[in-house]
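K.L.:
So I've got this file, my_file.cif, and it contains mmCIF, C-alpha atoms:
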```cif
data_input
loop_
_atom_site.label_atom_id
_atom_site.label_comp_id
_atom_site.auth_asym_id
_atom_site.auth_seq_id
_atom_site.Cartn_x
_atom_site.Cartn_y
_atom_site.Cartn_z
CA MET A 1 -1.00 -29.32 -13.27
CA LEU A 2 1.20 -27.04 -15.36
CA THR A 3 4.91 -27.85 -15.35
CA ILE A 4 7.34 -24.96 -15.48
CA ASN A 5 10.99 -25.66 -16.20
CA ILE A 6 13.51 -22.93 -15.62
CA ILE A 7 16.53 -24.00 -17.61
CA CYS A 8 19.51 -21.85 -16.74
CA ILE A 9 23.24 -21.64 -17.08
CA GLY A 10 25.23 -21.31 -13.88
CA LYS A 11 24.81 -22.12 -10.23
CA ILE A 12 23.59 -19.70 -7.60
CA LYS A 13 26.41 -18.95 -5.18
CA GLU A 14 24.97 -16.22 -2.96
CA ASP A 15 22.91 -17.41 0.02
CA TYR A 16 20.47 -14.48 -0.15
CA LEU A 17 19.56 -15.43 -3.73
CA LYS A 18 19.26 -19.12 -2.81
CA ASP A 19 16.91 -18.12 0.02
CA ALA A 20 14.71 -16.08 -2.33
CA ILE A 21 14.65 -18.87 -4.92
CA ASN A 22 13.72 -21.43 -2.26
CA GLU A 23 10.96 -19.20 -0.90
CA TYR A 24 9.37 -18.55 -4.30
CA SER A 25 9.77 -22.21 -5.28
CA LYS A 26 7.86 -23.20 -2.14
CA ARG A 27 5.12 -20.64 -2.87
CA LEU A 28 4.83 -21.78 -6.50
CA SER A 29 4.38 -25.44 -5.53
CA LYS A 30 0.71 -24.66 -4.88
CA TYR A 31 0.21 -23.61 -8.51
CA CYS A 32 2.58 -25.64 -10.69
CA ASN A 33 5.24 -28.31 -10.86
CA LEU A 34 8.41 -26.23 -10.86
CA LYS A 35 11.77 -27.61 -11.93
CA ILE A 36 14.91 -25.52 -11.90
CA ILE A 37 17.51 -27.09 -14.14
CA GLU A 38 20.95 -25.60 -13.53
CA LEU A 39 23.55 -26.33 -16.17
CA ALA A 40 27.27 -25.73 -15.79
CA ASP A 41 28.59 -22.53 -17.28
CA GLU A 42 31.72 -22.44 -19.41
CA LYS A 43 34.72 -20.74 -17.87
CA LEU A 44 35.62 -17.37 -19.36
CA PRO A 45 39.30 -16.99 -20.22
CA GLU A 46 41.29 -13.89 -19.24
CA LYS A 47 41.37 -12.71 -22.85
CA ILE A 48 38.21 -12.98 -24.89
CA ASN A 49 37.30 -12.37 -28.52
CA ASP A 50 34.30 -12.95 -30.78
CA THR A 51 35.36 -16.50 -31.64
CA ILE A 52 35.69 -17.46 -27.99
CA ILE A 53 32.38 -15.77 -27.17
CA ASN A 54 30.61 -17.71 -29.94
CA ASP A 55 32.22 -20.99 -28.86
CA ILE A 56 31.14 -20.51 -25.24
CA LYS A 57 27.59 -19.50 -26.17
CA THR A 58 27.32 -22.48 -28.53
CA LYS A 59 28.45 -24.95 -25.86
CA GLU A 60 26.10 -23.51 -23.23
CA CYS A 61 23.12 -23.38 -25.60
CA LYS A 62 23.67 -27.00 -26.71
CA LYS A 63 23.31 -27.99 -23.04
CA ILE A 64 20.08 -25.99 -22.86
CA GLU A 65 18.68 -27.49 -26.07
CA GLU A 66 19.26 -31.00 -24.71
CA GLN A 67 16.86 -30.18 -21.84
CA ILE A 68 13.99 -28.96 -24.02
CA LYS A 69 11.32 -31.57 -24.62
CA LYS A 70 9.59 -31.57 -28.00
CA ASP A 71 6.03 -30.80 -26.99
CA SER A 72 6.76 -27.91 -24.66
CA TYR A 73 6.43 -24.16 -25.03
CA THR A 74 9.80 -22.42 -24.81
CA ILE A 75 10.34 -18.82 -23.76
CA CYS A 76 13.82 -17.30 -23.83
CA LEU A 77 14.62 -14.36 -21.61
CA ASP A 78 16.28 -11.89 -23.97
CA LEU A 79 16.89 -8.14 -23.99
CA LYS A 80 15.20 -7.93 -27.41
CA GLY A 81 12.11 -9.81 -26.23
CA LYS A 82 8.61 -8.51 -25.64
CA GLN A 83 7.89 -6.73 -22.38
CA TYR A 84 4.70 -7.50 -20.44
CA THR A 85 2.90 -5.98 -17.52
CA SER A 86 2.31 -8.41 -14.66
CA GLU A 87 -1.32 -8.76 -15.72
CA GLU A 88 -0.36 -9.45 -19.35
CA PHE A 89 2.23 -11.99 -18.22
CA SER A 90 -0.41 -13.75 -16.12
CA LYS A 91 -2.75 -13.94 -19.09
CA LYS A 92 0.09 -15.21 -21.28
CA ILE A 93 0.81 -18.07 -18.86
CA ASP A 94 -2.91 -18.94 -18.76
CA ASP A 95 -3.14 -18.85 -22.57
CA ILE A 96 -0.13 -21.13 -23.00
CA ALA A 97 -1.49 -23.59 -20.44
CA LEU A 98 -4.91 -23.66 -22.14
CA ASN A 99 -3.95 -23.56 -25.80
CA PHE A 100 -0.50 -25.00 -26.23
CA ASN A 101 0.95 -27.36 -23.72
CA SER A 102 1.20 -28.29 -20.09
CA THR A 103 4.95 -27.61 -19.99
CA ILE A 104 6.58 -24.20 -20.28
CA ASN A 105 10.35 -23.81 -20.44
CA PHE A 106 11.91 -20.52 -19.43
CA ILE A 107 15.47 -20.20 -20.67
CA ILE A 108 18.04 -18.03 -18.88
CA GLY A 109 21.39 -17.94 -20.64
CA GLY A 110 24.81 -17.48 -19.17
CA THR A 111 26.90 -14.36 -18.86
CA LEU A 112 27.34 -14.07 -22.63
CA GLY A 113 23.69 -14.70 -23.50
CA LEU A 114 22.05 -17.08 -25.96
CA THR A 115 22.86 -18.05 -29.52
CA ASP A 116 20.77 -16.78 -32.42
CA ASN A 117 19.95 -20.42 -33.18
CA LEU A 118 18.39 -21.03 -29.75
CA LEU A 119 16.55 -17.70 -29.88
CA SER A 120 15.14 -18.61 -33.31
CA VAL A 121 13.69 -21.95 -32.15
CA ALA A 122 12.04 -20.45 -29.07
CA ASP A 123 8.28 -19.95 -29.22
CA GLU A 124 8.72 -16.53 -27.70
CA LYS A 125 11.26 -14.11 -26.27
CA ILE A 126 10.46 -11.92 -23.30
CA CYS A 127 12.34 -9.15 -21.55
CA PHE A 128 11.87 -8.04 -17.95
CA SER A 129 13.77 -4.79 -18.42
CA LYS A 130 15.94 -3.04 -20.96
CA MET A 131 18.52 -2.81 -18.19
CA THR A 132 21.04 -5.61 -17.80
CA PHE A 133 20.92 -7.68 -14.60
CA PRO A 134 23.00 -10.64 -13.45
CA HIS A 135 21.41 -13.87 -14.68
CA GLN A 136 21.28 -15.14 -11.08
CA LEU A 137 19.10 -12.17 -10.09
CA ILE A 138 16.87 -12.59 -13.13
CA ARG A 139 16.05 -16.08 -11.86
CA VAL A 140 14.58 -14.49 -8.72
CA PHE A 141 12.70 -11.90 -10.83
CA LEU A 142 11.23 -14.69 -12.97
CA LEU A 143 10.10 -16.74 -9.98
CA GLU A 144 8.51 -13.70 -8.36
CA GLN A 145 6.67 -12.79 -11.56
CA LEU A 146 5.47 -16.36 -12.01
CA PHE A 147 4.13 -16.35 -8.45
CA ARG A 148 2.47 -12.99 -9.09
CA ALA A 149 1.01 -14.30 -12.37
CA PHE A 150 -0.63 -17.26 -10.65
CA LYS A 151 -2.01 -15.03 -7.88
CA ILE A 152 -3.48 -12.67 -10.49
CA SER A 153 -4.94 -15.59 -12.46
CA LYS A 154 -6.61 -17.02 -9.36
CA GLY A 155 -7.92 -13.62 -8.24
CA GLU A 156 -5.89 -13.84 -5.03
CA THR A 157 -4.47 -10.80 -3.34
CA TYR A 158 -0.77 -10.14 -3.66
CA HIS A 159 -0.14 -7.68 -6.44
CA TRP A 160 -2.33 -4.80 -5.31
#
```
Written as structure tokens, that's how I'd like the structure from this file.
P.N.:
Amino acid sequence: MLTINIICIGKIKEDYLKDAINEYSKRLSKYCNLKIIELADEKLPEKINDTIINDIKTKECKKIEEQIKKDSYTICLDLKGKQYTSEEFSKKIDDIALNFNSTINFIIGGTLGLTDNLLSVADEKICFSKMTFPHQLIRVFLLEQLFRAFKISKGETYHW
């Protein structure tokens, strides 16, 4: 069975988001082994500059990189990434599972995003929208789209 790791910076604090994440995690258990790996975010100081931003991103991305296993397929969520329809995303998941590996990592950075280094080692970058959303909410979007992708792949009703 396909393993999907969602490696993310920050903890979910809002109960309504936790409820959605738990619901989609339960639904996905039928289709994959899902692991959500939450890593501590770095505290943002009152005053911030480019050096501080780079330091924080570097620390957070090092934590992420430590969670990535060698023989896995890594997808970073990034505003400059490729956008897919739900059907294309479903096919992409199927293609990765068939042709690459049985583990897919989805990376969700912290408030300040991901380093260029981490983005460059990813197998792919995807974008759900050109709009900016809180990274906690994107986690729910990702889980919903993964669930939708599996339903599409199996020919089950959900997305019509």
K.L.:
Could you name the residues that touch A:Gly10 at 6 Å or less, counting only C-alpha atoms, but leaving out those on the same chain fewer than 2 positions away, as a list in words?
P.N.:
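Listed by chain and then number, they are Leu39, Ala40 and Asp41 of chain A.
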K.L.:
Which value, in Å to one decimal, gives the distance between atom CA of A:Glu144 and atom CA of A:Ser86?
P.N.:
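Separation of atom CA of A:Glu144 and atom CA of A:Ser86: 10.3 Å.
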K.L.:
Between A:Ala149, A:Leu137, A:Ile12, A:Leu34, which has the minimum distance to A:Phe106 (counting all atoms listed in the file)?
P.N.:
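Comparing A:Ala149, A:Leu137, A:Ile12, A:Leu34 against A:Phe106, the winner is A:Leu34.
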K.L.:
So that I can check the surroundings of A:Ser153, please list as a PyMOL selection string every protein, DNA and RNA residue that reaches within 12 Å of it, counting only C-alpha atoms and ignoring chain neighbours fewer than 5 positions away.
P.N.:
chain A and resi 31+86-95+97+145-148+158-159
K.L.:
Could you tell me which of A:Cys76, A:Gly113, A:Glu38, A:Lys63 comes closest to A:Lys13 if we count only C-alpha atoms?
P.N.:
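Smallest separation from A:Lys13 among the options: A:Glu38.
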K.L.:
Run the PyMOL selection byres ((chain A and resi 127) around 9) on the file and write out the hits as a VMD selection string.
P.N.:
chain A and resid 76 to 84 125 to 126 128 to 130
K.L.:
Please indicate the distance in Å from atom CA of A:Met1 to atom CA of A:Ser102, rounded to one decimal place.
P.N.:
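Those two atoms sit 7.2 Å apart.
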K.L.:
I need the residue nearest A:Lys154 from this list: A:Lys11, A:Arg139, A:Lys47, A:Lys30. Use all atoms listed in the file for the distance.
P.N.:
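Checking each of A:Lys11, A:Arg139, A:Lys47, A:Lys30 against A:Lys154, counting all atoms listed in the file, the winner is A:Lys30.
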K.L.:
What lies within 12 Å of A:Lys62 using only C-alpha atoms, ignoring chain neighbours under 2 positions off, as a list in words?
P.N.:
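Those residues are Ile7, Cys8, Ile9, Leu39, Ala40, Asp41, Glu42, Asp55, Ile56, Lys57, Thr58, Lys59, Glu60, Ile64, Glu65, Glu66, Gln67, Ile68, Gly109, Leu114, Thr115, Asn117 and Leu118 of chain A.
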K.L.:
Tell me which of A:Ser25, A:Leu2, A:Ala122, A:Leu44 sits closest to A:Thr103, counting all atoms listed in the file.
P.N.:
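When distances to A:Thr103 are compared using all atoms listed in the file, the smallest one comes from A:Leu2.
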K.L.:
For N, CA and C atoms, please extract stretch 15-54 of chain A from the block and return it as a short mmCIF file (atom, residue, chain, number, x, y, z; two decimals), in the first residue's frame.
P.N.:
```cif
data_model
loop_
_atom_site.label_atom_id
_atom_site.label_comp_id
_atom_site.auth_asym_id
_atom_site.auth_seq_id
_atom_site.Cartn_x
_atom_site.Cartn_y
_atom_site.Cartn_z
N ASP A 15 -9.50 23.84 16.57
CA ASP A 15 -10.23 22.56 16.64
C ASP A 15 -10.93 22.22 15.32
N TYR A 16 -11.49 23.22 14.64
CA TYR A 16 -12.21 22.92 13.39
C TYR A 16 -11.26 22.37 12.32
N LEU A 17 -10.01 22.82 12.32
CA LEU A 17 -9.03 22.27 11.37
C LEU A 17 -8.59 20.87 11.80
N LYS A 18 -8.40 20.67 13.10
CA LYS A 18 -8.06 19.34 13.61
C LYS A 18 -9.15 18.34 13.25
N ASP A 19 -10.42 18.76 13.39
CA ASP A 19 -11.54 17.88 13.05
C ASP A 19 -11.51 17.49 11.58
N ALA A 20 -11.26 18.46 10.70
CA ALA A 20 -11.21 18.18 9.26
C ALA A 20 -10.04 17.25 8.94
N ILE A 21 -8.90 17.51 9.53
CA ILE A 21 -7.72 16.67 9.31
C ILE A 21 -7.98 15.24 9.78
N ASN A 22 -8.58 15.11 10.94
CA ASN A 22 -8.90 13.77 11.46
C ASN A 22 -9.90 13.04 10.56
N GLU A 23 -10.89 13.76 10.07
CA GLU A 23 -11.89 13.14 9.19
C GLU A 23 -11.26 12.66 7.89
N TYR A 24 -10.47 13.51 7.24
CA TYR A 24 -9.84 13.09 5.98
C TYR A 24 -8.79 12.01 6.22
N SER A 25 -8.09 12.07 7.34
CA SER A 25 -7.12 11.02 7.65
C SER A 25 -7.82 9.67 7.78
N LYS A 26 -8.97 9.66 8.44
CA LYS A 26 -9.75 8.43 8.59
C LYS A 26 -10.21 7.92 7.22
N ARG A 27 -10.71 8.83 6.38
CA ARG A 27 -11.17 8.42 5.04
C ARG A 27 -10.01 7.88 4.19
N LEU A 28 -8.84 8.50 4.31
CA LEU A 28 -7.69 8.09 3.51
C LEU A 28 -7.12 6.74 3.94
N SER A 29 -7.39 6.31 5.15
CA SER A 29 -6.81 5.06 5.66
C SER A 29 -7.22 3.86 4.81
N LYS A 30 -8.29 3.98 4.08
CA LYS A 30 -8.75 2.92 3.17
C LYS A 30 -7.84 2.79 1.94
N TYR A 31 -7.15 3.89 1.60
CA TYR A 31 -6.40 3.95 0.35
C TYR A 31 -4.88 3.99 0.49
N CYS A 32 -4.40 4.43 1.65
CA CYS A 32 -2.95 4.59 1.82
C CYS A 32 -2.58 4.58 3.30
N ASN A 33 -1.30 4.43 3.54
CA ASN A 33 -0.76 4.63 4.89
C ASN A 33 -0.39 6.10 4.99
N LEU A 34 -1.13 6.83 5.77
CA LEU A 34 -0.92 8.28 5.89
C LEU A 34 -0.19 8.58 7.19
N LYS A 35 0.86 9.38 7.07
CA LYS A 35 1.58 9.86 8.25
C LYS A 35 1.68 11.37 8.15
N ILE A 36 1.23 12.05 9.18
CA ILE A 36 1.39 13.50 9.25
C ILE A 36 2.49 13.77 10.26
N ILE A 37 3.56 14.36 9.77
CA ILE A 37 4.73 14.63 10.60
C ILE A 37 4.80 16.13 10.83
N GLU A 38 4.43 16.53 12.04
CA GLU A 38 4.44 17.95 12.41
C GLU A 38 5.77 18.28 13.08
N LEU A 39 6.43 19.29 12.56
CA LEU A 39 7.71 19.73 13.10
C LEU A 39 7.55 21.13 13.69
N ALA A 40 8.26 21.39 14.76
CA ALA A 40 8.12 22.68 15.44
C ALA A 40 8.55 23.83 14.53
N ASP A 41 7.77 24.89 14.58
CA ASP A 41 8.14 26.09 13.84
C ASP A 41 9.08 26.94 14.69
N GLU A 42 9.84 27.78 14.03
CA GLU A 42 10.72 28.71 14.72
C GLU A 42 9.91 29.96 15.05
N LYS A 43 10.17 30.51 16.21
CA LYS A 43 9.44 31.71 16.63
C LYS A 43 9.91 32.92 15.82
N LEU A 44 8.94 33.72 15.39
CA LEU A 44 9.26 34.94 14.65
C LEU A 44 9.46 36.09 15.64
N PRO A 45 10.59 36.79 15.52
CA PRO A 45 10.80 37.92 16.42
C PRO A 45 9.92 39.11 16.02
N GLU A 46 9.82 40.08 16.91
CA GLU A 46 9.02 41.29 16.63
C GLU A 46 9.52 42.00 15.37
N LYS A 47 10.83 42.15 15.29
CA LYS A 47 11.44 42.81 14.12
C LYS A 47 12.11 41.74 13.28
N ILE A 48 11.88 41.84 11.97
CA ILE A 48 12.38 40.78 11.09
C ILE A 48 13.09 41.43 9.90
N ASN A 49 14.13 40.76 9.42
CA ASN A 49 14.83 41.22 8.22
C ASN A 49 15.20 40.00 7.38
N ASP A 50 15.83 40.24 6.24
CA ASP A 50 16.15 39.13 5.34
C ASP A 50 17.05 38.08 5.98
N THR A 51 18.00 38.51 6.79
CA THR A 51 18.90 37.57 7.45
C THR A 51 18.14 36.67 8.41
N ILE A 52 17.26 37.26 9.19
CA ILE A 52 16.46 36.48 10.13
C ILE A 52 15.53 35.53 9.37
N ILE A 53 14.91 36.02 8.31
CA ILE A 53 14.03 35.19 7.48
C ILE A 53 14.79 33.98 6.95
N ASN A 54 15.98 34.22 6.40
CA ASN A 54 16.78 33.11 5.86
C ASN A 54 17.20 32.12 6.94
#
```
